[in-house]
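Read the structure below first, then the notes.
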Amino acid sequence: MSVPLLSLQGLTKAYPGVVANDSVSFDIGEGEVHALLGENGAGKSTLVKMIYGLVKPDSGQMLLRGTPYAPPEPRAARGDGIAMVFQHFSLFDALNVAENIALGMENPPAMKDLAARIREVSESYGLPLDPYRTVGDLSAGERQRVEIIRCLLQDPKLLIMDEPTSVLTPQEVEILFQTLQKLRSEGTSILYISHKLEEIRTLCDHATILRLGKNVGECTPAETSAREMAELMVGSTLHTPERAGRELGDVALDISGLSVPAPSAFGTALKNMHLSVRKGEVLGIGGVAGNGQDELLNVLSGETLTEADAVKLNGAPIGQLGPVERRRLGVLAAPEERLGHAAAPDMSLIENAMLTGAVRQGLETNGFLNWGAAKGFAENIIEAFDVRTPGPENAARSLSGGNLQKFVIGREVLQDPDVLVVNQPTWGVDAAAAADIRQSLLDLADKGAAVICISQDLDELMEISDNFAALNEGRLSAPRPAAGLTVDEIGLMLGGAHGMEVAHD
Amino acid sequence: MDLSAINPVLLIASLMVAATPILLAAIGELVVEKSGVLNLGVEGMMIIGAVSGFAIAVETSSPWLGFIASAAAGAVFSLLFVLLTQVAQANQVASGLALTLSGLGLSALLGQNYVGIRPPQMGKLDIPLLSDLPVVGPILFGHDPILYIGIALTAGVWAMLKFTRAGLVLRAVGENHDAAHALGYKVIRIRILAIMFGGACAGLGGAYISLIRVPQWTEGMTAGVGWIALALVVFASWKPWRALLGAYLFGGVTVVQLNLQAAGVAIPVEYLAMSPYVITIVVLVILSADKSSAPAALGRNFHASR
Amino acid sequence: MIRLEKRPQPSRAWSLATPLVAVLATMLFGGVLFAVLGKDPVEAIRTIFWEPLFGEFSFYYRPQLLIKGAPLVLIAIGLSLGFKAGIWNIGAEGQYIMGAIVGAAVGLAFYPYEAWYIFPLMVIGGALGGWAWAMIPAVLKVRFGTNEILVSLMLVYVAEQLLASASLRFLKNPEGFGFPGSRNLQSYESAFNADLIEGSGMHWGVVAALIAVIFAYILLNRHMLGFHIRLTGEAPRAARFAGVNPSRLILLCLGMSGALAGLAGLFEVSGPAGQISIDFNVGYGFTAIIVAFLGRLHPVGILLAGGLMALTYIGGDIAQSNLGLPSAAIQVFQGMLLFFLLALDLLTNYRVTLRTSEVA
């Protein structure tokens with residue numbers, strides 16, 4: 001076999017209290033699409049950061065076409081032909097497309113020439129882009145294009161893609177895959193990070209599976225079943241949430257004709273939205289990030305006030321009631337952003353239990369707080385939802401993402417809501433904890449609560465929803481029964497390819 | 001009351017002089033804020049610049065050396081802010097206040113022996129013919145060199161932010177420091193340089209007050225100019241030319257009220273003296289509706305974790 | 001190489017220790033500063049910290065501690081509530097002045113009539129004066145989103161001009177032979193905030209400061225409003241999610257701190273200062289910012305920090321007269337204290353580790 005493009009040999013990186021990568025080795029061949037598969041927290045991010053020069057390994061080495069490769073910083077990695085498309089944090093909203101791309105290049109040409117190059121390259125790869133648009137106004141799919149074009153302009157030998165499809169509709173994924181296949185045919189190698197097995201089976205030539213920082217196996221995805229890969233990734237057999245056949249009751253929560261202007265320059269306005277959820281129903285709301293999920297949650301939790309009868313609970317208007325009054329009435333919510341929205345990072349779990357539990361758990365009388373009772377409530381949550389922490393006195397940010405998410409969901413579920421709204425309930429959570437969280441939502445619905453689950457994970461929504469609706473640019477589609485929906489139908493509900501055409505060759 | 005004693009040409013010329021310290025400090029702070037840092041220590045850095053510029057100018061009899069020293073002193077003093085916010089990760093608002101409070105104290109200490117002295121004068125620009133032109137001459141060609149440096153600095157910062165890669169990187173850091181870090185830019189280093197530039201500009205502005213505008217040294221003589229400069233950055237929506245416009249506006253208010261005081265208008269002196277501050281508030285209110293152009297990472301500290 | 005690692009949660013031990021370490025560091029570097037100024041550093045530090053408490057004339061200085069400390073604590077308690085919520089009122093100096101002007105005006109309006117209710121009315125007037133002055137930045141922030149830092153600070157300069165106007169014009173003593181300044185309230189019995197125990201320095205302002213400390217302690221630790229204040233400072237979005245109305249909180253926090261600063265001004269003008277004069281304010285409103293941070297925004301901490309800061313004021317005065325230490329040196333000394341405190345705060349949230357080398 002020829003010399004691989006990039007060879008990783010025994011890469012190890014430890015952080016206080018956790019070994020992120022433990023002697024990881026594998027090769028990426030020339031023109032190969034190589035999958036890096038693993039759960040959240042398996043060490044995928046740390047590994048690619050080492051390849052990209054953002055993190056230095058404690059030990060081990062990398063060889064690029066047989067010569068030692070140790071980039072001190074991303075600039076050096078880019079110089080060596082390694083480019084990366086990030087999952088988060090790498091675009092500047094207030095700058096335009098061309099400026100964003102220039103920032104990712106070593107020696108960018110003059111802006112005018114660069115703009116022309118961007119037009120040219122983006123068309124030829126089927127990802128058309130206007131170089132002078134402000135990035136903050138782009139859809140998630142278009143933003144990703146910016147990142148991809150930024151990489152392509154540097155003729156990379158290796159393109160690293162970190163969870164690229166998590167922000168795309170199925171149709172957009174299709175376009176992306178065509179681009180990636182074109183790149184492969186031109187000899188570019190791709191390191192493709194994901195936990196979505198079907199994608200990997202369609203696209204990748206080879207897969208390396210990480211679990212708890214270790215390389216636990218390699219396979220050829222096309223020849224391996226998704227189930228086998230899943231078990232390698234998780235390390236055990238998973239149980240799928242069970243749902244009892246439920247009778248749906250009366251309408252619990254109802255939104256009719258709701259429009260809300262965008263809260264900020266780069267936010268999304270909600271447009272003429274209709275929604276109703278019955279007692280005992282799980283309503284799944286899908287959509288690509290940034291299509292109004294946060295705004296919808298805020299309207300339901302009472303953080304954004306609307307006209308009184310735009311939102312009704314059991315027929316009574318609640319649009320003008322704030323979060324506290326809604327909690328009193330049984331409408332509870334768990335926002336997406338755990339640190340800073342659902343929980344205060346530097347406050348203890350006791351204080352975070354007080355944050356939403358004060359009204360329904362009787363943790364206050366006449367404004368005076370009962371910390372003893374709050375501690376009891378926090379301990380209940382920790383116990384019932386198996387939150388791993390030394391104790392309720394610990395700060396929220398000391399918990400891992402999955403544990404904090406269990407705490408946040410548990411805090412609302414244990415308050416016996418009549419209506420529970422969750423946004424991205426299992427984002428960044430490992431598979432076992434995600435299954436527990438989904439089960440708790442189903443159990444809640446079994447007890448007769450109405451549950452609205454906003455999520456970007458379509459598999460999750462198909463698993464737990466009775467009905468499915470999609471958010472697209474602040475509009476909500478009419479709900480349809482989840483059972484029997486095909487991927488194509490869902491994709492179209494999500495807005496198809498968002499009007500982004502594949503350029504013709 | 002004799003309003004006819006107010007000469008409009010002299011008024012405009014002195015307005016430009018009154019505006020220069022505010023402009024210098026504001027341009028510096030604008031760069032700092034563009035990098036995503038809010039330094040409320042402008043007042044402190046200004047007064048440090050005022051006293052050290054004054055002292056060096058007196059000791060060396062050279063106003064030029066005084067100005068150079070004031071810029072250096074402002075930059076060095078801003079390192080305290082760097083230490084607090086960029087190294088020790090302290091809250092930027094509190095650290096800026098600390099800088100101002102200690103700057104006021106330190107300048108009083110340093111300036112003890114310089115009270116009541118007249119500093120060496122800086123020559124005015126004197127271009128034959130041009131400076132002698134009626135009206136235009138005194139307004140455009142009859143000032144000290146630093147005033148022109150202030151305008152040049154405005155143009156330079158504008159061009160730097162708009163056309164250069166350094167400007168693009170600076171804006172990127174102020175917009176989203178995590179993304180800038182992920183792309184391999186040295187967020188902290190860039191911010192430190194910006195803060196020191198801000199310190200140098202504030203120092204120059206302070207020395208302009210003590211060496212040219214007043215010119216002498218008194219304790220606390222910056223009297224809120226640093227704070228007005230901070231307000232001016234908001235007023236200017238982080239755009240250099242608007243900062244120039246704003247500085248001239250405030251300079252105008254100051255000069256007009258001083259002229260009115262001198263002319264003996266029937267309004268009590270105190271009410272005239274408070275007018276620049278009141279107008280600052282009014283302007284802030286009018287302009288605070290639009291925050292869209294504020295750097296998105298303004299005031300947030302960056303710590304590179306994993 | 002020195003590296004910083006964020007602690008999983010703030011260290012309680014360091015949180016308590018940093019003010020002490022900061023004080024020690026300030027003494028050390030202050031000593032160096034005094035030595036540079038040609039003063040014996042040990043003697044200077046001793047004069048500042050020992051003389052007022054246990055020196056020969058401590059019988060005179062101890063009451064002074066209360067007189068200087070009370071306004072600092074009163075103002076700092078109010079500021080700390082706002083600071084905790086991320087609401088930066090730095091114009092307490094102006095609110096202090098306005099409290100004094102309004103309070104004194106109420107009292108002088110009754111002159112020379114004597115009645116028991118005059119002083120209580122003055123107290124209300126003082127609180128209202130400070131409150132109203134603080135409501136300007138509060139309302140502008142709520143209504144227009146105007147930055148409260150800049151507005152509250154600009155209003156200090158405006159208040160100073162009003163103070164000048166009051167002492168030169170509208171509150172000027174008609175029997176004052178043309179000198180600026182109001183009538184002396186110390187010689188107007190109904191308006192005089194006298195020592196409660198003769199010669200103790202214990203006037204109503206001290207009592208108010210102690211009540212404020214207790215009130216703030218209960219508010220922050222036992223009451224929903226205090227919890228919401230802390231929550232807003234820690235995580236504004238989480239606070240909204242918890243049901244905090246940010247506008248209401250801004251009005252409340254700025255209002256409370258304004259009222260407390262106004263009270264401090266009133267107790268000062270009706271007691272130790274005695275009259276409205278051009279140089280009535282001496283920077284308590286700014287020093288209180290240092291006190292608030294030095295006390296870690298904690299009521300009990302502020303009480304101790306206020307005492308310490310009062311000590312440096314009085315000790316500084318003694319050092320000035322005994323050793324010729326310039327008064328500005330004390331200002332620097334106080335600034336240093338805030339500086340060290342902020343710098344050392346690092347240790348509460350980060351762990352500093354030394355690494356000899358990094359494996360590439």
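Chain labels A, B, ... are given in the sequence in which chains occur in the structure tokens; within each chain residues are numbered consecutively from 1, and ligands are likewise numbered from 1 in the order shown.
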
Which residues come within 8 Å of range 137-143 of chain C, counting only C-alpha atoms, excluding same-chain residues fewer than 3 positions away, as a PDB file with N, CA and C atoms, in the first residue's frame?
```pdb
ATOM      1  N   VAL B 285     -28.838  59.295  24.781  1.00  0.00           N
ATOM      2  CA  VAL B 285     -30.221  58.812  24.743  1.00  0.00           C
ATOM      3  C   VAL B 285     -30.699  58.714  23.297  1.00  0.00           C
TER       4      VAL B 285
ATOM      5  N   TRP C 133     -32.149  61.136  41.575  1.00  0.00           N
ATOM      6  CA  TRP C 133     -30.970  61.328  40.716  1.00  0.00           C
ATOM      7  C   TRP C 133     -30.555  60.008  40.063  1.00  0.00           C
ATOM      8  N   ALA C 134     -30.727  58.911  40.819  1.00  0.00           N
ATOM      9  CA  ALA C 134     -30.374  57.604  40.260  1.00  0.00           C
ATOM     10  C   ALA C 134     -31.435  57.115  39.286  1.00  0.00           C
ATOM     11  N   THR C 146     -29.978  53.246  27.251  1.00  0.00           N
ATOM     12  CA  THR C 146     -28.781  54.069  27.407  1.00  0.00           C
ATOM     13  C   THR C 146     -27.851  53.465  28.460  1.00  0.00           C
ATOM     14  N   ASN C 147     -26.576  53.559  28.203  1.00  0.00           N
ATOM     15  CA  ASN C 147     -25.584  53.005  29.123  1.00  0.00           C
ATOM     16  C   ASN C 147     -25.608  53.745  30.467  1.00  0.00           C
ATOM     17  N   GLU C 148     -25.900  52.984  31.550  1.00  0.00           N
ATOM     18  CA  GLU C 148     -26.052  53.617  32.861  1.00  0.00           C
ATOM     19  C   GLU C 148     -24.727  54.094  33.439  1.00  0.00           C
ATOM     20  N   VAL C 151     -24.136  57.644  31.901  1.00  0.00           N
ATOM     21  CA  VAL C 151     -25.123  58.628  32.352  1.00  0.00           C
ATOM     22  C   VAL C 151     -24.941  58.928  33.826  1.00  0.00           C
ATOM     23  N   SER C 152     -24.790  57.875  34.651  1.00  0.00           N
ATOM     24  CA  SER C 152     -24.682  58.144  36.089  1.00  0.00           C
ATOM     25  C   SER C 152     -23.419  58.961  36.359  1.00  0.00           C
ATOM     26  N   SER C 247     -36.221  45.138  33.560  1.00  0.00           N
ATOM     27  CA  SER C 247     -36.461  46.571  33.742  1.00  0.00           C
ATOM     28  C   SER C 247     -36.754  46.890  35.198  1.00  0.00           C
ATOM     29  N   ILE C 250     -33.615  46.793  37.219  1.00  0.00           N
ATOM     30  CA  ILE C 250     -32.754  47.967  37.012  1.00  0.00           C
ATOM     31  C   ILE C 250     -33.280  49.141  37.838  1.00  0.00           C
ATOM     32  N   LEU C 251     -34.596  49.355  37.763  1.00  0.00           N
ATOM     33  CA  LEU C 251     -35.189  50.465  38.524  1.00  0.00           C
ATOM     34  C   LEU C 251     -34.969  50.262  40.020  1.00  0.00           C
ATOM     35  N   LEU C 254     -30.922  50.474  40.942  1.00  0.00           N
ATOM     36  CA  LEU C 254     -30.422  51.847  40.875  1.00  0.00           C
ATOM     37  C   LEU C 254     -31.144  52.716  41.893  1.00  0.00           C
ATOM     38  N   GLY C 255     -32.438  52.496  42.047  1.00  0.00           N
ATOM     39  CA  GLY C 255     -33.206  53.277  43.009  1.00  0.00           C
ATOM     40  C   GLY C 255     -32.694  53.084  44.424  1.00  0.00           C
TER      41      GLY C 255
END
```

Closest atom pairs, residues of chain B within 9 Å of chain A, only C-alpha atoms, as a tab-separated table:
```
residue	atom	partner	partner_atom	distance
B:Arg165	CA	A:Leu103	CA	8.3
B:Leu168	CA	A:Glu99	CA	7.5
B:Val169	CA	A:Leu103	CA	7.0
B:Arg171	CA	A:Leu95	CA	8.6
B:Ala172	CA	A:Phe92	CA	6.5
B:Glu175	CA	A:Phe92	CA	6.2
B:Asn176	CA	A:Phe92	CA	6.1
B:His177	CA	A:Phe89	CA	8.7
B:Asp178	CA	A:Phe89	CA	6.0
B:Ala179	CA	A:Ser90	CA	3.9
B:Ala180	CA	A:Ser90	CA	6.9
B:His181	CA	A:Ser90	CA	8.6
B:Ala182	CA	A:Ser90	CA	6.5
B:Leu183	CA	A:Gly104	CA	6.2
B:Gly184	CA	A:Pro74	CA	5.0
B:Tyr185	CA	A:Arg75	CA	8.5
B:Ser292	CA	A:Ala265	CA	7.0
B:Ser293	CA	A:Ala94	CA	8.3
B:Pro295	CA	A:Ala94	CA	8.4
B:Ala296	CA	A:Ala94	CA	8.2
B:Arg306	CA	A:Val55	CA	7.6
```

Please produce an output containing N, CA and C atoms for each residue in the selection, written as a PDB file, in the first residue's frame.
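Contents of the output file part02.pdb:
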```pdb
ATOM      1  N   ARG B 165      -5.611  44.228   6.313  1.00  0.00           N
ATOM      2  CA  ARG B 165      -5.822  42.929   6.926  1.00  0.00           C
ATOM      3  C   ARG B 165      -5.769  43.048   8.453  1.00  0.00           C
ATOM      4  N   LEU B 168      -9.049  44.058   9.567  1.00  0.00           N
ATOM      5  CA  LEU B 168     -10.012  42.966   9.456  1.00  0.00           C
ATOM      6  C   LEU B 168      -9.863  41.998  10.631  1.00  0.00           C
ATOM      7  N   VAL B 169      -8.610  41.675  10.944  1.00  0.00           N
ATOM      8  CA  VAL B 169      -8.362  40.753  12.050  1.00  0.00           C
ATOM      9  C   VAL B 169      -8.833  41.380  13.363  1.00  0.00           C
ATOM     10  N   ARG B 171     -11.204  43.577  13.810  1.00  0.00           N
ATOM     11  CA  ARG B 171     -12.669  43.523  13.865  1.00  0.00           C
ATOM     12  C   ARG B 171     -13.144  42.108  14.151  1.00  0.00           C
ATOM     13  N   ALA B 172     -12.457  41.129  13.543  1.00  0.00           N
ATOM     14  CA  ALA B 172     -12.855  39.737  13.734  1.00  0.00           C
ATOM     15  C   ALA B 172     -12.728  39.343  15.209  1.00  0.00           C
ATOM     16  N   GLU B 175     -15.449  40.726  17.176  1.00  0.00           N
ATOM     17  CA  GLU B 175     -16.755  40.212  16.790  1.00  0.00           C
ATOM     18  C   GLU B 175     -17.010  38.851  17.423  1.00  0.00           C
ATOM     19  N   ASN B 176     -16.010  37.982  17.370  1.00  0.00           N
ATOM     20  CA  ASN B 176     -16.195  36.617  17.864  1.00  0.00           C
ATOM     21  C   ASN B 176     -14.826  36.048  18.193  1.00  0.00           C
ATOM     22  N   HIS B 177     -14.443  36.178  19.475  1.00  0.00           N
ATOM     23  CA  HIS B 177     -13.070  35.793  19.799  1.00  0.00           C
ATOM     24  C   HIS B 177     -12.844  34.297  19.709  1.00  0.00           C
ATOM     25  N   ASP B 178     -13.897  33.522  19.928  1.00  0.00           N
ATOM     26  CA  ASP B 178     -13.719  32.072  19.831  1.00  0.00           C
ATOM     27  C   ASP B 178     -13.402  31.664  18.396  1.00  0.00           C
ATOM     28  N   ALA B 179     -14.132  32.262  17.456  1.00  0.00           N
ATOM     29  CA  ALA B 179     -13.891  31.936  16.053  1.00  0.00           C
ATOM     30  C   ALA B 179     -12.497  32.392  15.643  1.00  0.00           C
ATOM     31  N   ALA B 180     -12.115  33.592  16.077  1.00  0.00           N
ATOM     32  CA  ALA B 180     -10.794  34.098  15.720  1.00  0.00           C
ATOM     33  C   ALA B 180      -9.719  33.178  16.268  1.00  0.00           C
ATOM     34  N   HIS B 181      -9.923  32.705  17.484  1.00  0.00           N
ATOM     35  CA  HIS B 181      -8.961  31.782  18.081  1.00  0.00           C
ATOM     36  C   HIS B 181      -8.912  30.479  17.282  1.00  0.00           C
ATOM     37  N   ALA B 182     -10.085  29.981  16.889  1.00  0.00           N
ATOM     38  CA  ALA B 182     -10.134  28.728  16.144  1.00  0.00           C
ATOM     39  C   ALA B 182      -9.401  28.855  14.815  1.00  0.00           C
ATOM     40  N   LEU B 183      -9.399  30.062  14.258  1.00  0.00           N
ATOM     41  CA  LEU B 183      -8.681  30.255  13.000  1.00  0.00           C
ATOM     42  C   LEU B 183      -7.196  30.504  13.235  1.00  0.00           C
ATOM     43  N   GLY B 184      -6.800  30.560  14.486  1.00  0.00           N
ATOM     44  CA  GLY B 184      -5.381  30.668  14.787  1.00  0.00           C
ATOM     45  C   GLY B 184      -4.892  32.068  15.059  1.00  0.00           C
ATOM     46  N   TYR B 185      -5.801  33.021  15.260  1.00  0.00           N
ATOM     47  CA  TYR B 185      -5.347  34.377  15.595  1.00  0.00           C
ATOM     48  C   TYR B 185      -5.107  34.492  17.091  1.00  0.00           C
ATOM     49  N   SER B 292     -26.639  48.136  16.931  1.00  0.00           N
ATOM     50  CA  SER B 292     -26.309  47.031  16.031  1.00  0.00           C
ATOM     51  C   SER B 292     -24.844  47.036  15.627  1.00  0.00           C
ATOM     52  N   SER B 293     -24.221  48.232  15.645  1.00  0.00           N
ATOM     53  CA  SER B 293     -22.849  48.246  15.166  1.00  0.00           C
ATOM     54  C   SER B 293     -21.824  48.001  16.271  1.00  0.00           C
ATOM     55  N   PRO B 295     -19.347  46.058  18.579  1.00  0.00           N
ATOM     56  CA  PRO B 295     -18.667  44.767  18.430  1.00  0.00           C
ATOM     57  C   PRO B 295     -19.339  43.715  19.319  1.00  0.00           C
ATOM     58  N   ALA B 296     -19.588  42.544  18.755  1.00  0.00           N
ATOM     59  CA  ALA B 296     -20.409  41.562  19.465  1.00  0.00           C
ATOM     60  C   ALA B 296     -19.739  41.029  20.724  1.00  0.00           C
ATOM     61  N   ARG B 306     -10.086  24.248  26.314  1.00  0.00           N
ATOM     62  CA  ARG B 306      -9.772  23.151  25.413  1.00  0.00           C
ATOM     63  C   ARG B 306      -9.814  23.535  23.947  1.00  0.00           C
TER      64      ARG B 306
END
```

Review point. Do you have the CA of Ala88 in chain B-CA of Leu308 in chain C distance handy?
Key: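 Interatomic distance, CA of Ala88 in chain B to CA of Leu308 in chain C: 24.7 Å.
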
Exercise for review: Give me, as a PyMOL selection string, the contact residues of chain B against chain C at a cut-off of 6 Å, counting only C-alpha atoms.
Suggested key: chain B and resi 84+88+90+101-102+105-106+108-109+270+274+277+281+285+288

Write the residues of the preceding selection, restricted to C-alpha atoms, as a PDB file, in the first residue's frame.
```pdb
ATOM      1  CA  LEU B  84      -6.179  42.674  35.165  1.00  0.00           C
ATOM      2  CA  ALA B  88      -6.042  37.823  35.472  1.00  0.00           C
ATOM      3  CA  ALA B  90     -10.921  40.283  35.906  1.00  0.00           C
ATOM      4  CA  LEU B 101      -9.416  55.741  40.358  1.00  0.00           C
ATOM      5  CA  SER B 102      -5.733  54.915  40.665  1.00  0.00           C
ATOM      6  CA  GLY B 105      -4.516  59.423  42.658  1.00  0.00           C
ATOM      7  CA  LEU B 106      -1.215  58.687  40.990  1.00  0.00           C
ATOM      8  CA  ALA B 108      -2.008  63.963  41.828  1.00  0.00           C
ATOM      9  CA  LEU B 109       1.037  62.455  43.489  1.00  0.00           C
ATOM     10  CA  GLU B 270     -22.956  76.613  36.869  1.00  0.00           C
ATOM     11  CA  MET B 274     -22.895  71.572  33.278  1.00  0.00           C
ATOM     12  CA  TYR B 277     -22.394  66.791  30.450  1.00  0.00           C
ATOM     13  CA  ILE B 281     -26.521  62.431  28.173  1.00  0.00           C
ATOM     14  CA  VAL B 285     -30.221  58.812  24.743  1.00  0.00           C
ATOM     15  CA  SER B 288     -28.634  54.403  22.156  1.00  0.00           C
TER      16      SER B 288
END
```

Review point. Could you state the separation of CA of Pro174 in chain C and CA of Val269 in chain B in Å, given to one decimal place?
Key: 20.4 Å
